[in-house]
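The file upload.csv comes next; it holds CSV, C-alpha atoms.
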```csv
chain,number,residue,atom,x,y,z
A,1,MET,CA,1.5,6.6,8.8
A,2,TYR,CA,3.3,3.8,10.5
A,3,LEU,CA,6.8,2.6,9.8
A,4,ARG,CA,6.9,-0.3,7.3
A,5,LYS,CA,9.1,-3.2,7.2
A,6,PHE,CA,10.6,-3.8,3.7
A,7,THR,CA,12.1,-7.1,2.6
A,8,GLN,CA,13.6,-8.6,-0.5
A,9,ASP,CA,10.1,-10.1,-1.2
A,10,ASN,CA,8.0,-6.9,-0.9
A,11,PHE,CA,10.7,-4.3,-2.0
A,12,GLU,CA,9.6,-4.2,-5.7
A,13,ASN,CA,5.9,-3.7,-4.9
A,14,GLU,CA,6.1,-1.5,-1.9
A,15,VAL,CA,9.1,0.7,-2.8
A,16,LEU,CA,10.0,0.5,-6.5
A,17,LYS,CA,6.3,0.5,-7.8
A,18,ALA,CA,5.0,2.9,-5.1
A,19,GLU,CA,3.2,6.0,-6.3
A,20,LYS,CA,4.4,8.1,-3.3
A,21,THR,CA,8.0,9.0,-2.5
A,22,VAL,CA,9.5,6.3,-0.3
A,23,ILE,CA,12.1,6.8,2.4
A,24,VAL,CA,14.1,3.6,3.2
A,25,ASP,CA,16.3,3.2,6.2
A,26,PHE,CA,18.9,0.4,5.9
A,27,PHE,CA,19.8,-0.7,9.4
A,28,ALA,CA,20.9,-3.6,11.7
A,29,THR,CA,19.8,-4.4,15.2
A,30,TRP,CA,23.5,-4.4,16.5
A,31,CYS,CA,24.4,-0.9,15.2
A,32,GLY,CA,24.4,2.0,17.7
A,33,PRO,CA,23.7,4.9,15.3
A,34,CYS,CA,20.9,2.8,13.7
A,35,LYS,CA,19.1,2.8,17.1
A,36,MET,CA,19.3,6.6,17.1
A,37,GLN,CA,18.0,6.8,13.5
A,38,SER,CA,15.0,4.7,14.3
A,39,PRO,CA,13.0,7.3,16.3
A,40,ILE,CA,13.7,9.9,13.6
A,41,MET,CA,12.2,7.6,11.0
A,42,ASP,CA,9.2,7.0,13.3
A,43,GLU,CA,8.7,10.7,13.6
A,44,ILE,CA,8.8,11.2,9.8
A,45,ALA,CA,6.4,8.3,9.3
A,46,GLY,CA,4.0,9.7,11.9
A,47,SER,CA,4.0,13.2,10.6
A,48,ARG,CA,3.8,12.8,6.8
A,49,ASN,CA,0.9,11.0,5.1
A,50,ASP,CA,2.3,11.9,1.7
A,51,LEU,CA,5.4,9.7,2.2
A,52,ILE,CA,6.0,6.0,2.7
A,53,VAL,CA,8.6,5.3,5.3
A,54,GLY,CA,10.2,2.0,6.1
A,55,LYS,CA,13.2,0.0,7.3
A,56,ILE,CA,15.3,-2.8,5.8
A,57,ASP,CA,17.2,-5.1,8.2
A,58,VAL,CA,20.5,-5.7,6.3
A,59,ASP,CA,21.1,-8.9,8.2
A,60,GLU,CA,17.9,-10.4,6.8
A,61,ASN,CA,18.2,-8.7,3.4
A,62,ARG,CA,21.9,-8.7,2.6
A,63,ASP,CA,21.4,-9.1,-1.2
A,64,LEU,CA,19.2,-6.0,-1.3
A,65,ALA,CA,21.7,-4.0,0.7
A,66,ILE,CA,24.5,-5.1,-1.6
A,67,LYS,CA,22.4,-4.4,-4.7
A,68,TYR,CA,22.0,-0.8,-3.6
A,69,GLY,CA,25.6,-0.4,-2.7
A,70,VAL,CA,25.1,0.0,1.1
A,71,MET,CA,28.5,-0.2,2.8
A,72,SER,CA,27.8,1.7,6.0
A,73,ILE,CA,24.7,1.8,8.3
A,74,PRO,CA,22.5,3.5,8.8
A,75,THR,CA,22.0,4.5,5.1
A,76,ILE,CA,18.9,6.4,4.2
A,77,MET,CA,17.6,6.4,0.6
A,78,VAL,CA,14.8,8.4,-0.9
A,79,PHE,CA,13.1,6.6,-3.8
A,80,LYS,CA,11.0,8.4,-6.4
A,81,ASN,CA,9.5,6.4,-9.3
A,82,GLY,CA,11.6,3.4,-8.5
A,83,GLU,CA,14.9,5.2,-8.4
A,84,ALA,CA,17.1,6.1,-5.4
A,85,LYS,CA,17.3,9.9,-5.8
A,86,ASN,CA,19.1,10.8,-2.6
A,87,VAL,CA,21.4,8.8,-0.3
A,88,PHE,CA,22.4,9.8,3.2
A,89,ILE,CA,25.1,7.9,4.9
A,90,GLY,CA,25.3,7.8,8.7
A,91,LEU,CA,22.9,9.2,11.3
A,92,THR,CA,20.8,11.8,9.5
A,93,SER,CA,18.5,14.4,11.0
A,94,LYS,CA,14.8,14.7,10.2
A,95,GLU,CA,15.4,18.1,8.7
A,96,ASP,CA,18.1,16.9,6.3
A,97,ILE,CA,16.0,14.0,5.1
A,98,LEU,CA,12.8,16.1,4.6
A,99,GLU,CA,14.8,18.7,2.7
A,100,ALA,CA,15.6,16.1,0.1
A,101,VAL,CA,12.0,15.1,-0.2
B,1,MET,CA,28.1,-0.7,38.0
B,2,TYR,CA,29.2,3.0,38.2
B,3,ASP,CA,26.6,5.7,38.4
B,4,LEU,CA,28.8,7.8,36.1
B,5,ILE,CA,31.8,7.2,34.0
B,6,VAL,CA,33.7,10.3,32.8
B,7,ILE,CA,36.0,10.1,29.8
B,8,GLY,CA,38.6,12.8,30.0
B,9,GLY,CA,40.6,14.2,32.9
B,10,GLY,CA,40.7,17.9,31.9
B,11,PRO,CA,38.7,20.7,33.5
B,12,ALA,CA,35.4,19.7,32.0
B,13,GLY,CA,35.7,16.0,32.9
B,14,ILE,CA,37.0,16.6,36.4
B,15,SER,CA,34.4,19.2,37.2
B,16,ALA,CA,31.6,16.8,36.1
B,17,ALA,CA,33.2,14.1,38.3
B,18,ILE,CA,33.4,16.3,41.3
B,19,TYR,CA,29.8,17.6,41.1
B,20,ALA,CA,28.5,14.0,40.7
B,21,LYS,CA,30.7,12.7,43.5
B,22,ARG,CA,29.5,15.4,45.8
B,23,ALA,CA,25.9,14.3,45.1
B,24,ASN,CA,26.9,10.8,46.4
B,25,MET,CA,27.3,9.2,43.0
B,26,ASN,CA,29.8,6.4,42.4
B,27,VAL,CA,32.1,7.9,39.8
B,28,LEU,CA,35.0,6.6,37.6
B,29,VAL,CA,37.2,8.9,35.5
B,30,PHE,CA,39.4,7.8,32.6
B,31,TYR,CA,42.3,10.2,31.8
B,32,THR,CA,45.3,9.9,29.5
B,33,MET,CA,47.4,13.0,30.2
B,34,GLU,CA,46.4,14.4,26.8
B,35,SER,CA,44.7,17.7,27.2
B,36,GLN,CA,44.8,21.0,25.5
B,37,LEU,CA,45.5,22.4,29.0
B,38,LEU,CA,48.9,20.6,29.2
B,39,LYS,CA,50.1,22.8,26.3
B,40,ALA,CA,49.3,26.0,28.1
B,41,HIS,CA,52.5,27.5,29.6
B,42,LYS,CA,50.6,29.9,31.7
B,43,ILE,CA,46.9,30.6,32.3
B,44,ASP,CA,46.3,34.2,33.5
B,45,ASN,CA,42.6,34.5,33.0
B,46,TYR,CA,41.3,31.8,35.3
B,47,TYR,CA,39.8,32.9,38.6
B,48,GLY,CA,41.8,32.9,41.8
B,49,PHE,CA,45.4,32.5,40.8
B,50,VAL,CA,47.3,35.7,41.8
B,51,ASN,CA,50.2,35.0,39.4
B,52,GLY,CA,48.4,32.8,36.9
B,53,ILE,CA,49.0,29.0,36.8
B,54,ASN,CA,50.8,26.6,34.5
B,55,GLY,CA,48.5,24.3,32.5
B,56,GLN,CA,50.2,21.1,33.6
B,57,GLU,CA,50.0,22.2,37.2
B,58,LEU,CA,46.3,23.0,36.9
B,59,TYR,CA,45.6,19.6,35.2
B,60,ASN,CA,47.5,17.7,38.0
B,61,ASN,CA,45.7,19.7,40.7
B,62,GLY,CA,42.4,18.7,39.1
B,63,ILE,CA,43.3,15.0,39.2
B,64,GLY,CA,44.5,15.3,42.8
B,65,GLN,CA,41.4,17.2,43.9
B,66,ALA,CA,39.1,14.5,42.4
B,67,THR,CA,41.1,11.7,44.0
B,68,ASN,CA,40.9,13.5,47.4
B,69,LEU,CA,37.1,13.7,47.1
B,70,GLY,CA,36.9,9.9,46.5
B,71,VAL,CA,36.5,9.8,42.7
B,72,HIS,CA,37.9,6.7,41.3
B,73,LEU,CA,40.5,7.6,38.5
B,74,LEU,CA,42.2,5.3,36.0
B,75,ASN,CA,45.0,6.4,33.7
B,76,GLU,CA,43.7,4.3,30.7
B,77,GLU,CA,42.6,5.0,27.2
B,78,VAL,CA,39.0,4.3,26.3
B,79,THR,CA,38.6,2.6,22.9
B,80,ASP,CA,34.8,2.2,22.7
B,81,VAL,CA,31.5,3.1,24.3
B,82,THR,CA,28.4,1.0,23.6
B,83,GLY,CA,24.9,0.4,25.0
B,84,GLY,CA,22.1,2.7,26.0
B,85,ASP,CA,19.0,3.2,28.2
B,86,GLY,CA,20.9,3.7,31.4
B,87,GLU,CA,23.4,0.8,30.8
B,88,PHE,CA,26.5,1.8,29.0
B,89,VAL,CA,29.6,-0.2,28.5
B,90,VAL,CA,32.9,1.6,28.4
B,91,LYS,CA,35.8,-0.4,26.9
B,92,THR,CA,39.5,0.1,27.4
B,93,PHE,CA,42.2,-1.9,25.6
B,94,THR,CA,42.1,-4.6,28.4
B,95,ASN,CA,38.8,-4.2,30.3
B,96,GLU,CA,35.1,-3.3,30.3
B,97,TYR,CA,33.3,-1.1,32.7
B,98,LYS,CA,29.6,-0.5,33.1
B,99,ALA,CA,27.8,2.8,34.0
B,100,LYS,CA,24.3,4.3,34.1
B,101,SER,CA,25.5,7.5,32.5
B,102,VAL,CA,28.6,8.8,30.6
B,103,VAL,CA,30.2,12.2,30.4
B,104,ILE,CA,32.5,12.6,27.4
B,105,ALA,CA,35.0,15.3,27.8
B,106,THR,CA,37.9,14.2,25.6
B,107,GLY,CA,38.7,17.5,24.0
B,108,ASN,CA,38.3,18.4,20.3
B,109,LYS,CA,40.5,15.8,18.7
B,110,LYS,CA,40.2,15.6,15.0
B,111,ILE,CA,38.8,12.3,13.7
B,112,LYS,CA,39.4,12.7,10.0
B,113,PRO,CA,43.0,12.6,8.7
B,114,ASP,CA,44.0,15.1,6.0
B,115,ILE,CA,44.1,12.6,3.1
B,116,LYS,CA,42.8,13.2,-0.4
B,117,GLY,CA,39.7,11.1,-1.0
B,118,ILE,CA,38.7,10.7,2.7
B,119,ASP,CA,35.4,12.7,2.4
B,120,GLU,CA,34.7,11.6,-1.2
B,121,TYR,CA,34.6,7.9,-0.2
B,122,GLU,CA,32.9,8.2,3.2
B,123,GLY,CA,30.3,5.4,3.3
B,124,ARG,CA,31.7,4.1,-0.1
B,125,GLY,CA,34.5,2.1,1.4
B,126,ILE,CA,35.5,4.4,4.2
B,127,SER,CA,34.0,3.9,7.6
B,128,TYR,CA,34.4,5.2,11.2
B,129,CYS,CA,32.8,2.3,12.9
B,130,ALA,CA,34.1,-1.3,12.7
B,131,ILE,CA,31.3,-2.8,14.8
B,132,CYS,CA,28.6,-1.1,12.5
B,133,ASP,CA,30.1,-1.7,9.1
B,134,GLY,CA,32.4,-4.7,9.4
B,135,PHE,CA,29.4,-6.7,8.2
B,136,PHE,CA,29.8,-5.3,4.6
B,137,TYR,CA,33.4,-6.5,4.4
B,138,ARG,CA,33.2,-10.2,4.8
B,139,ASN,CA,36.3,-11.9,3.3
B,140,LYS,CA,37.5,-8.6,2.0
B,141,LYS,CA,40.8,-6.8,2.2
B,142,ILE,CA,40.7,-4.1,4.8
B,143,ALA,CA,43.0,-1.3,6.1
B,144,VAL,CA,42.8,0.5,9.4
B,145,ILE,CA,44.3,4.0,9.4
B,146,GLY,CA,45.8,4.7,12.8
B,147,ASN,CA,48.8,4.0,15.0
B,148,GLY,CA,47.7,3.1,18.5
B,149,ARG,CA,45.5,1.1,20.7
B,150,TYR,CA,42.4,2.5,19.1
B,151,ALA,CA,43.5,1.3,15.6
B,152,ILE,CA,44.3,-2.2,17.0
B,153,SER,CA,41.0,-2.4,18.8
B,154,GLU,CA,39.1,-1.5,15.6
B,155,ALA,CA,41.2,-4.2,13.8
B,156,ASN,CA,40.3,-6.7,16.5
B,157,ASP,CA,36.6,-6.0,15.8
B,158,LEU,CA,37.2,-6.8,12.1
B,159,LYS,CA,39.6,-9.7,12.3
B,160,ASN,CA,36.9,-12.4,12.2
B,161,VAL,CA,35.3,-10.8,9.2
B,162,ALA,CA,38.0,-9.5,6.9
B,163,SER,CA,40.3,-11.8,4.8
B,164,GLU,CA,43.3,-9.5,5.4
B,165,ILE,CA,43.9,-6.5,7.6
B,166,THR,CA,46.7,-3.9,7.2
B,167,ILE,CA,47.3,-1.0,9.6
B,168,LEU,CA,48.3,2.2,7.8
B,169,THR,CA,50.1,4.6,10.1
B,170,ASN,CA,50.4,7.4,7.5
B,171,GLY,CA,54.0,8.2,8.4
B,172,GLU,CA,53.6,7.7,12.2
B,173,ASN,CA,55.2,5.1,14.4
B,174,MET,CA,53.0,2.5,16.2
B,175,THR,CA,52.6,3.3,19.9
B,176,GLU,CA,51.6,-0.3,20.7
B,177,ASP,CA,52.8,-3.6,19.3
B,178,SER,CA,50.4,-6.0,17.6
B,179,ASP,CA,50.3,-9.0,15.2
B,180,TYR,CA,48.9,-7.0,12.4
B,181,ILE,CA,50.7,-6.1,9.2
B,182,VAL,CA,51.8,-2.5,9.5
B,183,LYS,CA,52.6,-0.1,6.6
B,184,LYS,CA,54.2,3.1,7.7
B,185,SER,CA,54.4,5.0,4.4
B,186,LYS,CA,52.7,8.3,4.1
B,187,ILE,CA,49.4,8.2,2.2
B,188,LEU,CA,49.1,10.3,-0.9
B,189,GLN,CA,45.5,9.6,-1.6
B,190,ILE,CA,42.6,7.1,-1.5
B,191,ALA,CA,41.4,6.2,-5.0
B,192,GLY,CA,38.4,4.3,-6.2
B,193,ASP,CA,36.6,2.6,-9.1
B,194,ASP,CA,33.0,3.4,-9.9
B,195,GLY,CA,32.8,5.6,-6.8
B,196,ILE,CA,33.9,2.9,-4.4
B,197,VAL,CA,37.3,2.6,-2.7
B,198,SER,CA,39.7,0.3,-4.5
B,199,LYS,CA,43.2,1.3,-3.5
B,200,VAL,CA,45.5,3.4,-1.4
B,201,ILE,CA,48.3,5.3,-3.1
B,202,PHE,CA,51.4,6.2,-1.0
B,203,GLU,CA,53.9,9.0,-1.3
B,204,ASP,CA,56.6,6.5,-2.1
B,205,ASN,CA,54.6,5.5,-5.2
B,206,SER,CA,53.6,2.1,-3.8
B,207,GLU,CA,49.9,1.1,-3.9
B,208,LEU,CA,47.7,-1.2,-1.8
B,209,ALA,CA,44.6,-2.7,-3.3
B,210,ILE,CA,41.9,-2.5,-0.7
B,211,ASP,CA,38.1,-3.0,-0.4
B,212,GLY,CA,37.5,-1.0,2.8
B,213,ILE,CA,39.3,1.5,5.1
B,214,PHE,CA,38.4,2.1,8.7
B,215,VAL,CA,39.6,5.3,10.3
B,216,ALA,CA,40.9,5.2,13.9
B,217,ILE,CA,43.7,7.8,14.2
B,218,GLY,CA,45.5,8.5,17.5
B,219,GLN,CA,43.5,7.9,20.7
B,220,ALA,CA,39.8,7.4,20.4
B,221,GLY,CA,38.0,10.7,21.1
B,222,GLY,CA,34.5,12.1,21.5
B,223,GLY,CA,33.9,12.3,17.8
B,224,ASP,CA,34.8,8.6,17.4
B,225,PHE,CA,32.4,7.6,20.2
B,226,ALA,CA,29.7,9.8,18.7
B,227,LYS,CA,29.9,8.1,15.3
B,228,LYS,CA,29.5,4.7,17.0
B,229,LEU,CA,26.7,5.7,19.4
B,230,GLY,CA,24.7,7.8,17.0
B,231,ILE,CA,25.3,11.1,18.7
B,232,LEU,CA,24.1,13.9,16.4
B,233,MET,CA,26.9,16.1,15.0
B,234,GLU,CA,26.7,19.1,12.8
B,235,ASN,CA,29.8,20.2,10.9
B,236,GLY,CA,31.9,18.0,13.3
B,237,ILE,CA,30.5,19.6,16.5
B,238,ILE,CA,28.5,17.4,18.8
B,239,GLN,CA,25.0,18.8,19.4
B,240,THR,CA,23.9,19.1,23.0
B,241,ASP,CA,21.0,20.7,24.9
B,242,GLU,CA,21.3,23.3,27.7
B,243,ASN,CA,22.1,20.5,30.1
B,244,MET,CA,25.0,19.3,27.9
B,245,GLU,CA,22.9,16.2,27.1
B,246,THR,CA,23.2,14.6,23.6
B,247,ASN,CA,20.4,12.9,21.7
B,248,VAL,CA,21.5,9.7,23.4
B,249,LYS,CA,19.8,9.8,26.8
B,250,GLY,CA,22.3,9.5,29.6
B,251,ILE,CA,25.3,10.7,27.5
B,252,TYR,CA,26.7,14.2,28.1
B,253,VAL,CA,29.4,16.1,26.3
B,254,CYS,CA,31.3,19.1,27.7
B,255,GLY,CA,34.4,21.2,27.3
B,256,ASN,CA,36.3,21.7,24.0
B,257,LEU,CA,34.4,18.7,22.5
B,258,ALA,CA,31.2,20.7,22.7
B,259,GLY,CA,32.7,23.5,20.6
B,260,GLY,CA,32.5,27.2,21.2
B,261,PHE,CA,34.8,29.1,23.6
B,262,LEU,CA,37.9,27.0,24.2
B,263,GLN,CA,38.5,28.2,27.7
B,264,VAL,CA,39.0,26.6,31.2
B,265,ASN,CA,36.2,28.7,32.6
B,266,LYS,CA,33.7,27.4,30.1
B,267,ALA,CA,35.0,23.8,30.3
B,268,ALA,CA,34.6,23.8,34.1
B,269,TYR,CA,31.1,25.3,33.9
B,270,GLU,CA,29.9,22.8,31.3
B,271,GLY,CA,31.4,20.0,33.3
B,272,ALA,CA,29.5,21.1,36.4
B,273,VAL,CA,26.3,21.3,34.4
B,274,ALA,CA,26.9,17.9,32.8
B,275,GLY,CA,27.8,16.3,36.1
B,276,LEU,CA,24.6,17.5,37.8
B,277,ALA,CA,22.4,16.6,34.8
B,278,ALA,CA,23.9,13.1,35.0
B,279,VAL,CA,23.0,12.9,38.7
B,280,LYS,CA,19.4,13.8,37.9
B,281,TYR,CA,19.3,11.3,35.1
B,282,VAL,CA,20.7,8.4,37.3
B,283,LYS,CA,18.1,9.3,40.0
B,284,SER,CA,15.3,9.3,37.5
B,285,ILE,CA,16.1,5.8,36.2
B,286,GLN,CA,16.6,4.5,39.8
B,287,TYR,CA,13.1,5.4,40.9
B,288,LYS,CA,11.3,4.3,37.8
```

Could you quickly redo this structure as structure tokens?
Amino acid sequence: MYLRKFTQDNFENEVLKAEKTVIVDFFATWCGPCKMQSPIMDEIAGSRNDLIVGKIDVDENRDLAIKYGVMSIPTIMVFKNGEAKNVFIGLTSKEDILEAV
Amino acid sequence: MYDLIVIGGGPAGISAAIYAKRANMNVLVFYTMESQLLKAHKIDNYYGFVNGINGQELYNNGIGQATNLGVHLLNEEVTDVTGGDGEFVVKTFTNEYKAKSVVIATGNKKIKPDIKGIDEYEGRGISYCAICDGFFYRNKKIAVIGNGRYAISEANDLKNVASEITILTNGENMTEDSDYIVKKSKILQIAGDDGIVSKVIFEDNSELAIDGIFVAIGQAGGGDFAKKLGILMENGIIQTDENMETNVKGIYVCGNLAGGFLQVNKAAYEGAVAGLAAVKYVKSIQYK
């Protein structure tokens, strides 16, 4: 599967109402560690059809970041049935993320 | 632009610089006269010194040797490293330098202060990267924990965002003057509301209401740069491959910062490996 782009407009439908587990990467284009997180998310998206993986640009979706208490980027959240079940703060390895799934 | 910038003037950093210089690279080394080596009264287990050698003398010899081989050396503290893809920017308090590759050999400085609450609130009001997370503290009250140029440089990155900045030295004296409000009291703990940082409580029973805390203690070290660049760490140790390369292409880590055996022999070996790997990397991007 490819890496999706989540926004304030599609978040409810694509993340909260999704039937599959969704992994969300809150990032910004100007953040160094976010750039290193990006290929890890691509890898997860490319290798797991049972998951939905996507990114949220905090610059464009500030309210969403604030709503979910994001105060440091990258922040990775694993959503199941509309709820954030796991939160990883800072650069996180593929293994650590998949372990939580 | 330099082919290689080395941060750290100990045995790892200098060895990397020497190997790269001898491969005709244009090399700059930043050193600060802060090395574990300087604390060693006598080193008896390093090859070739009949009566052992004093740590300070060995360090000075390394600086002199690199200078004689044509390496450019600056006695300056690096406060930040940014960039990627063969174009890195190394910032000091007063200047910026560009390089195609970077070797970080700053020793194993601790980046976390021993303060109650520091782990609990990481990412919940405590941050190690002003550039990354300043965005979330617009018009908020911020503290920077630290006492030197690194703390001031982090505060500078936040001053256009935050409504108020206080530097908390946690009992230390500032090593550099600035216009920021400085509170010197020792910190007892960081406390929060609803799982998010809300105040700092000091040993003298005073309190400071705060929305965010940025950690920048002492001189900036490898762990600090790693947090900003996105270099993978596990249990505080930077992860490298057999060429001392990190997950950020073109950035190498060696010596005590890379963990393991804290010995001059190992530092010099890893420096040599990192220096040669940097040469290979620079050549590979040149001929692309």

Give me, as a Markdown table, the closest atom pair and its distance (Å, one decimal) for every residue of chain A within a cut-off of 7 Å of chain B, counting only C-alpha atoms, rows sorted by chain and rising number.
```
| residue | atom | partner | partner_atom | distance |
| --- | --- | --- | --- | --- |
| A:Cys31 | CA | B:Cys132 | CA | 5.0 |
| A:Gly32 | CA | B:Leu229 | CA | 4.7 |
| A:Pro33 | CA | B:Gly230 | CA | 3.5 |
| A:Met36 | CA | B:Gly230 | CA | 5.5 |
| A:Met71 | CA | B:Phe136 | CA | 5.6 |
| A:Ser72 | CA | B:Asp133 | CA | 5.1 |
| A:Ile73 | CA | B:Cys132 | CA | 6.4 |
| A:Ile89 | CA | B:Gly123 | CA | 6.0 |
| A:Leu91 | CA | B:Gly230 | CA | 6.1 |
```

message: So the first atom is CA of Ala143 (chain B) and the second is CA of Ile165 (chain B); what is the distance between them in Å, to one decimal place?
response: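 For CA of Ala143 (chain B) relative to CA of Ile165 (chain B), the distance reads 5.5 Å.
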
message: I'd like to know which of A:Val70, A:Lys80, A:Asp42, A:Gly54 is closest to Lys17 (chain A), using all atoms listed in the file.
response: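 Smallest distance to Lys17 (chain A) is found for A:Lys80.
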
Show me, as a PDB file with C-alpha atoms, in the coordinates of the input, the residues that have an atom within 6 Å of Pro74 (chain A) when counting all atoms listed in the file, minus same-chain residues fewer than 4 positions from it.
```
ATOM      1  CA  PHE A  26      18.900   0.400   5.900  1.00  0.00           C
ATOM      2  CA  PHE A  27      19.800  -0.700   9.400  1.00  0.00           C
ATOM      3  CA  CYS A  34      20.900   2.800  13.700  1.00  0.00           C
ATOM      4  CA  GLY A  90      25.300   7.800   8.700  1.00  0.00           C
TER       5      GLY A  90
END
```

- line: Correct to one decimal, the distance CA of Lys112 (chain B)-CA of Gln36 (chain B) is 18.4 Å

message: Neighbouring residues of Ser35 (chain B) were defined as those with any atom within 9 Å, considering only C-alpha atoms; residues of the same chain fewer than 4 positions away were excluded. Please report them as a list in words.
response: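 Using only C-alpha atoms, the neighbours found are Gly8, Gly9, Gly10, Lys39, Tyr59, Thr106 and Gly107 of chain B.
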
Could you save the residues just selected, with C-alpha atoms, as a short mmCIF file (atom, residue, chain, number, x, y, z; two decimals), in the frame of the given file?
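See selection13.cif below for the written result:
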```
data_model
loop_
_atom_site.label_atom_id
_atom_site.label_comp_id
_atom_site.auth_asym_id
_atom_site.auth_seq_id
_atom_site.Cartn_x
_atom_site.Cartn_y
_atom_site.Cartn_z
CA GLY B 8 38.60 12.80 30.00
CA GLY B 9 40.60 14.20 32.90
CA GLY B 10 40.70 17.90 31.90
CA LYS B 39 50.10 22.80 26.30
CA TYR B 59 45.60 19.60 35.20
CA THR B 106 37.90 14.20 25.60
CA GLY B 107 38.70 17.50 24.00
#
```

Spatial sel., origin (48.1, 1.6, 17.6), limit 8 Å, all atoms listed in the file, listed as a tab-separated table (two decimals) with C-alpha atoms, in the coordinates of the input:
```tsv
chain	number	residue	atom	x	y	z
B	146	GLY	CA	45.80	4.70	12.80
B	147	ASN	CA	48.80	4.00	15.00
B	148	GLY	CA	47.70	3.10	18.50
B	149	ARG	CA	45.50	1.10	20.70
B	150	TYR	CA	42.40	2.50	19.10
B	151	ALA	CA	43.50	1.30	15.60
B	152	ILE	CA	44.30	-2.20	17.00
B	174	MET	CA	53.00	2.50	16.20
B	175	THR	CA	52.60	3.30	19.90
B	176	GLU	CA	51.60	-0.30	20.70
B	177	ASP	CA	52.80	-3.60	19.30
B	178	SER	CA	50.40	-6.00	17.60
B	218	GLY	CA	45.50	8.50	17.50
```

message: Using Å and a single decimal, report how far CA of Ile237 (chain B) sits from CA of Ala272 (chain B).
response: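 The value is 20.0 Å.
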
Could you check which residues have any atom within 6 Å of (54.1, 5.8, 6.3), counting all atoms listed in the file with coordinates taken straight from the file, and then list them as a compact mmCIF listing (two decimals) with C-alpha atoms, in the coordinates of the input?
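This is the output file part.txt:
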```txt
# COMPACT_ATOMS: atom_id res chain seq x y z
CA THR B 169 50.10 4.60 10.10
CA ASN B 170 50.40 7.40 7.50
CA GLY B 171 54.00 8.20 8.40
CA LYS B 184 54.20 3.10 7.70
CA SER B 185 54.40 5.00 4.40
CA LYS B 186 52.70 8.30 4.10
```

Would you fill out region 36-46 of chain A with N, CA, C and O atoms and return it as a PDB file, in the coordinates of the input?
```pdb
ATOM      1  N   MET A  36      19.607   5.158  17.020  1.00  0.00           N
ATOM      2  CA  MET A  36      19.300   6.600  17.100  1.00  0.00           C
ATOM      3  C   MET A  36      18.520   7.073  15.899  1.00  0.00           C
ATOM      4  O   MET A  36      17.803   8.056  15.953  1.00  0.00           O
ATOM      5  N   GLN A  37      18.731   6.393  14.772  1.00  0.00           N
ATOM      6  CA  GLN A  37      18.000   6.800  13.500  1.00  0.00           C
ATOM      7  C   GLN A  37      16.560   6.379  13.616  1.00  0.00           C
ATOM      8  O   GLN A  37      15.681   7.058  13.074  1.00  0.00           O
ATOM      9  N   SER A  38      16.308   5.269  14.291  1.00  0.00           N
ATOM     10  CA  SER A  38      15.000   4.700  14.300  1.00  0.00           C
ATOM     11  C   SER A  38      13.858   5.652  14.771  1.00  0.00           C
ATOM     12  O   SER A  38      12.847   5.790  14.082  1.00  0.00           O
ATOM     13  N   PRO A  39      14.039   6.350  15.923  1.00  0.00           N
ATOM     14  CA  PRO A  39      13.000   7.300  16.300  1.00  0.00           C
ATOM     15  C   PRO A  39      12.771   8.433  15.324  1.00  0.00           C
ATOM     16  O   PRO A  39      11.657   8.955  15.193  1.00  0.00           O
ATOM     17  N   ILE A  40      13.833   8.805  14.623  1.00  0.00           N
ATOM     18  CA  ILE A  40      13.700   9.900  13.600  1.00  0.00           C
ATOM     19  C   ILE A  40      12.828   9.386  12.461  1.00  0.00           C
ATOM     20  O   ILE A  40      11.955  10.106  11.973  1.00  0.00           O
ATOM     21  N   MET A  41      13.008   8.123  12.073  1.00  0.00           N
ATOM     22  CA  MET A  41      12.200   7.600  11.000  1.00  0.00           C
ATOM     23  C   MET A  41      10.722   7.449  11.467  1.00  0.00           C
ATOM     24  O   MET A  41       9.795   7.742  10.705  1.00  0.00           O
ATOM     25  N   ASP A  42      10.533   7.045  12.741  1.00  0.00           N
ATOM     26  CA  ASP A  42       9.200   7.000  13.300  1.00  0.00           C
ATOM     27  C   ASP A  42       8.480   8.315  13.237  1.00  0.00           C
ATOM     28  O   ASP A  42       7.299   8.402  12.892  1.00  0.00           O
ATOM     29  N   GLU A  43       9.248   9.354  13.577  1.00  0.00           N
ATOM     30  CA  GLU A  43       8.700  10.700  13.600  1.00  0.00           C
ATOM     31  C   GLU A  43       8.268  11.137  12.182  1.00  0.00           C
ATOM     32  O   GLU A  43       7.199  11.717  12.012  1.00  0.00           O
ATOM     33  N   ILE A  44       9.120  10.842  11.197  1.00  0.00           N
ATOM     34  CA  ILE A  44       8.800  11.200   9.800  1.00  0.00           C
ATOM     35  C   ILE A  44       7.532  10.445   9.376  1.00  0.00           C
ATOM     36  O   ILE A  44       6.599  11.013   8.813  1.00  0.00           O
ATOM     37  N   ALA A  45       7.518   9.151   9.675  1.00  0.00           N
ATOM     38  CA  ALA A  45       6.400   8.300   9.300  1.00  0.00           C
ATOM     39  C   ALA A  45       5.092   8.837   9.932  1.00  0.00           C
ATOM     40  O   ALA A  45       4.032   8.899   9.299  1.00  0.00           O
ATOM     41  N   GLY A  46       5.200   9.254  11.195  1.00  0.00           N
ATOM     42  CA  GLY A  46       4.000   9.700  11.900  1.00  0.00           C
ATOM     43  C   GLY A  46       3.510  11.062  11.500  1.00  0.00           C
ATOM     44  O   GLY A  46       2.349  11.395  11.731  1.00  0.00           O
TER      45      GLY A  46
END
```
